[in-house]
Amino acid sequence: MKYFSKQRQENFFNVRIKSSGGEFSAAQLGAIQTLAETFGNGKIRLTSRQEISVPFIEEKNLANVENFCAAHDLEICPLGATLKTVTACQGSEICRSGIIDAPKIAREIERRHGGKIFPTKFLIGVSGCPNNCMKVDANDIGIVGAVKPIRGDSCNFCGACAKVCPVNALTVDREKNLWAIDENCRQCGRCVKVCPKDLRGEVGYKIFFRNDKIFPFVRGEETLYEIIDTALKNFCHTSKT
């Protein structure tokens, strides 16, 4: 498997360092600085796949770069028809809008499928909420955190949930004790956050496929991985036949 990409400049290559769900440790960043200053031209570039590219590595130093990366916990991205680095936003651990732990899911998908050979390169992205900062629908598979609102029996029909809904999917009538939600719901969870009573949210996942097929709401992290595993297996099978 190839790991170094030829540049326009003769006898020069660049290497891309894989992130872990969009994350690098401070120690890794320090090592990348040393890598760029020792074997490159002292500069780095960020890629659209949340990788760090180190350019201007001379051909004679390729083996030394591989050894350096192995010694400093830096994973080199393979070239060609593989699963590319799975991208992820900050997710629920950091972002206030986050519904799911996007980096954790990205790392698990990498653990299951990273390094595998595919018929063509394959892109997967994970976004922690329907704000879709990662633009995951531009990937071959996109995963988005979602919340399905569920009204409890103690609802007092105050209408707070309807006021924060960004797409006016909620209808609340206090006089008629009416609470209804329509198909426009983005499953963003804002209504759940503002409810003073017992509107609760069931956390799940939306899955987007490049062929426009959508799983509107998937329950359970293991079910999510089973769907991804099956989709990748089917992709490999159908792309070869």
# chains A, B, ... in the order shown; residues from 1 in each chain; ligands from 1
>>> residues_around(residues="Lys206 in chain A", least_positions_apart="6", cutoff="10 Å", atoms="only C-alpha atoms", output="PyMOL selection string")
chain A and resi 127+129-130+142-147+187+214-219+224
>>> residues_around(residues="Gln50 in chain A", least_positions_apart="2", cutoff="7 Å", atoms="only C-alpha atoms", output="list in words")
Ser19, Gly22, Leu46, Thr47, Ser48, Ile52 and Thr87 of chain A
>>> closest_atom_pairs(of="range 8-94 of chain A", to="range 110-114 of chain A", cutoff="9 Å", atoms="only C-alpha atoms", output="JSON lines")
{"residue": "A:Ser20", "atom": "CA", "partner": "A:Glu110", "partner_atom": "CA", "distance": 8.6}
{"residue": "A:Gly21", "atom": "CA", "partner": "A:Glu110", "partner_atom": "CA", "distance": 8.7}
{"residue": "A:Thr82", "atom": "CA", "partner": "A:Gly114", "partner_atom": "CA", "distance": 7.9}
{"residue": "A:Leu83", "atom": "CA", "partner": "A:Gly114", "partner_atom": "CA", "distance": 6.0}
{"residue": "A:Lys84", "atom": "CA", "partner": "A:Gly114", "partner_atom": "CA", "distance": 7.8}
{"residue": "A:Thr85", "atom": "CA", "partner": "A:Glu110", "partner_atom": "CA", "distance": 7.6}
{"residue": "A:Val86", "atom": "CA", "partner": "A:Glu110", "partner_atom": "CA", "distance": 6.7}
>>> select_by_dssp(residues="range 61-158 of chain A", states="alpha helix (DSSP H)", output="list in words")
Leu62, Ala63, Asn64, Val65, Glu66, Asn67, Phe68, Cys69, Ala70, Ala71, Ala102, Pro103, Lys104, Ile105, Ala106, Arg107, Glu108, Ile109, Glu110, Arg111, Arg112 and His113 of chain A
>>> closest_residue(among="A:Tyr225, A:Phe68, A:Phe13, A:Tyr205", to="Lys148 in chain A", atoms="only C-alpha atoms")
A:Tyr205
>>> residues_around(residues="Glu66 in chain A", least_positions_apart="2", cutoff="10 Å", atoms="only C-alpha atoms", output="list in words")
Tyr3, Phe4, Val15, Asn61, Leu62, Ala63, Asn64, Phe68, Cys69, Ala70, Ala71, Leu74, Glu75 and Ile76 of chain A
>>> closest_atom_pairs(of="range 45-137 of chain A", to="range 230-237 of chain A", cutoff="10 Å", atoms="only C-alpha atoms", output="Markdown table")
| residue | atom | partner | partner_atom | distance |
| --- | --- | --- | --- | --- |
| A:Leu83 | CA | A:Leu232 | CA | 9.7 |
| A:His113 | CA | A:Leu232 | CA | 8.8 |
| A:Ile117 | CA | A:Cys236 | CA | 9.1 |
| A:Phe118 | CA | A:Cys236 | CA | 6.2 |
| A:Pro119 | CA | A:Cys236 | CA | 6.3 |
| A:Thr120 | CA | A:Cys236 | CA | 8.9 |
| A:Phe122 | CA | A:Leu232 | CA | 9.1 |
>>> select_by_dssp(residues="range 66-208 of chain A", states="strand (DSSP E or B)", output="ChimeraX atom specification")
/A:76,82-83,87-88,117,122,124-127,141-150,170-173,178-181,200-208
>>> write_last_selection(atoms="N, CA and C atoms", output="CSV table (one decimal), in the first residue's frame")
chain,number,residue,atom,x,y,z
A,76,ILE,N,0.1,7.3,9.3
A,76,ILE,CA,0.2,7.8,7.9
A,76,ILE,C,-1.0,7.3,7.1
A,82,THR,N,-9.1,3.2,-0.5
A,82,THR,CA,-9.3,2.8,0.8
A,82,THR,C,-10.4,3.7,1.5
A,83,LEU,N,-10.7,3.3,2.7
A,83,LEU,CA,-11.6,4.2,3.6
A,83,LEU,C,-10.7,5.4,4.0
A,87,THR,N,-14.2,11.7,9.2
A,87,THR,CA,-14.2,13.0,9.8
A,87,THR,C,-15.3,13.1,10.9
A,88,ALA,N,-15.1,14.0,11.8
A,88,ALA,CA,-16.1,14.2,12.9
A,88,ALA,C,-16.0,15.6,13.5
A,117,ILE,N,-9.0,-2.3,1.9
A,117,ILE,CA,-9.0,-1.9,0.5
A,117,ILE,C,-10.4,-2.0,0.0
A,122,PHE,N,-13.4,5.7,-0.3
A,122,PHE,CA,-14.7,5.8,0.4
A,122,PHE,C,-14.7,6.8,1.5
A,124,ILE,N,-16.6,8.7,4.8
A,124,ILE,CA,-17.6,8.7,5.9
A,124,ILE,C,-17.4,9.9,6.8
A,125,GLY,N,-18.4,10.6,7.2
A,125,GLY,CA,-18.4,11.8,8.1
A,125,GLY,C,-19.4,11.6,9.1
A,126,VAL,N,-19.1,12.2,10.3
A,126,VAL,CA,-20.0,12.1,11.5
A,126,VAL,C,-20.2,13.5,12.0
A,127,SER,N,-21.5,13.9,12.1
A,127,SER,CA,-21.9,15.2,12.7
A,127,SER,C,-22.7,15.0,13.9
A,141,ILE,N,-21.1,8.0,3.1
A,141,ILE,CA,-22.0,7.7,4.2
A,141,ILE,C,-21.9,8.9,5.2
A,142,GLY,N,-23.0,9.4,5.6
A,142,GLY,CA,-23.0,10.5,6.6
A,142,GLY,C,-23.8,10.1,7.8
A,143,ILE,N,-23.3,10.4,9.0
A,143,ILE,CA,-24.1,10.1,10.2
A,143,ILE,C,-24.3,11.4,10.9
A,144,VAL,N,-25.6,11.6,11.4
A,144,VAL,CA,-25.9,12.8,12.1
A,144,VAL,C,-26.7,12.4,13.4
A,145,GLY,N,-26.3,13.0,14.5
A,145,GLY,CA,-27.0,12.8,15.7
A,145,GLY,C,-28.4,13.4,15.7
A,146,ALA,N,-29.4,12.7,16.3
A,146,ALA,CA,-30.8,13.1,16.2
A,146,ALA,C,-31.5,12.9,17.5
A,147,VAL,N,-32.5,13.7,17.8
A,147,VAL,CA,-33.3,13.5,19.0
A,147,VAL,C,-34.8,13.4,18.6
A,148,LYS,N,-35.5,12.4,19.0
A,148,LYS,CA,-36.9,12.3,18.7
A,148,LYS,C,-37.7,12.7,19.9
A,149,PRO,N,-38.4,13.8,19.9
A,149,PRO,CA,-39.2,14.3,21.0
A,149,PRO,C,-40.3,13.4,21.4
A,150,ILE,N,-40.4,13.1,22.7
A,150,ILE,CA,-41.5,12.3,23.2
A,150,ILE,C,-42.2,13.0,24.4
A,170,LEU,N,-43.7,22.0,15.5
A,170,LEU,CA,-44.5,21.7,16.7
A,170,LEU,C,-45.8,22.6,16.7
A,171,THR,N,-46.9,22.0,17.0
A,171,THR,CA,-48.1,22.8,17.2
A,171,THR,C,-48.6,22.5,18.6
A,172,VAL,N,-48.8,23.6,19.4
A,172,VAL,CA,-49.3,23.5,20.8
A,172,VAL,C,-50.5,24.4,21.0
A,173,ASP,N,-51.5,23.9,21.5
A,173,ASP,CA,-52.7,24.7,21.9
A,173,ASP,C,-53.1,24.4,23.3
A,178,LEU,N,-53.6,20.4,23.1
A,178,LEU,CA,-53.1,19.8,21.9
A,178,LEU,C,-51.6,20.0,21.8
A,179,TRP,N,-51.0,18.9,21.5
A,179,TRP,CA,-49.5,18.9,21.2
A,179,TRP,C,-49.3,18.0,20.0
A,180,ALA,N,-48.8,18.5,19.0
A,180,ALA,CA,-48.6,17.7,17.8
A,180,ALA,C,-47.2,18.1,17.1
A,181,ILE,N,-46.6,17.1,16.5
A,181,ILE,CA,-45.4,17.3,15.7
A,181,ILE,C,-45.5,16.7,14.3
A,200,ARG,N,-39.2,14.6,26.8
A,200,ARG,CA,-37.9,14.0,26.8
A,200,ARG,C,-37.5,13.6,25.3
A,201,GLY,N,-36.3,13.3,25.1
A,201,GLY,CA,-35.8,13.0,23.8
A,201,GLY,C,-35.1,11.7,23.7
A,202,GLU,N,-35.5,10.9,22.7
A,202,GLU,CA,-34.8,9.6,22.4
A,202,GLU,C,-33.7,9.9,21.5
A,203,VAL,N,-32.4,9.6,21.9
A,203,VAL,CA,-31.3,9.9,21.1
A,203,VAL,C,-31.1,8.8,20.0
A,204,GLY,N,-30.8,9.2,18.8
A,204,GLY,CA,-30.6,8.2,17.8
A,204,GLY,C,-29.7,8.8,16.7
A,205,TYR,N,-29.8,8.2,15.5
A,205,TYR,CA,-28.9,8.6,14.4
A,205,TYR,C,-29.6,8.7,13.1
A,206,LYS,N,-29.3,9.6,12.2
A,206,LYS,CA,-29.8,9.6,10.9
A,206,LYS,C,-28.6,9.2,10.0
A,207,ILE,N,-28.8,8.4,9.0
A,207,ILE,CA,-27.7,7.9,8.1
A,207,ILE,C,-28.1,8.3,6.7
A,208,PHE,N,-27.2,9.0,6.1
A,208,PHE,CA,-27.3,9.5,4.7
A,208,PHE,C,-26.4,8.7,3.8
>>> atom_distance(atom1="CA of Cys188 in chain A", atom2="CA of Ala106 in chain A")
20.2 Å
>>> closest_residue(among="A:Asp140, A:Pro55, A:Ala169, A:Gly152", to="Lys213 in chain A", atoms="only C-alpha atoms")
A:Asp140
>>> closest_residue(among="A:Gly91, A:Gly30, A:Pro78, A:Gly42", to="Arg16 in chain A", atoms="only C-alpha atoms")
A:Pro78
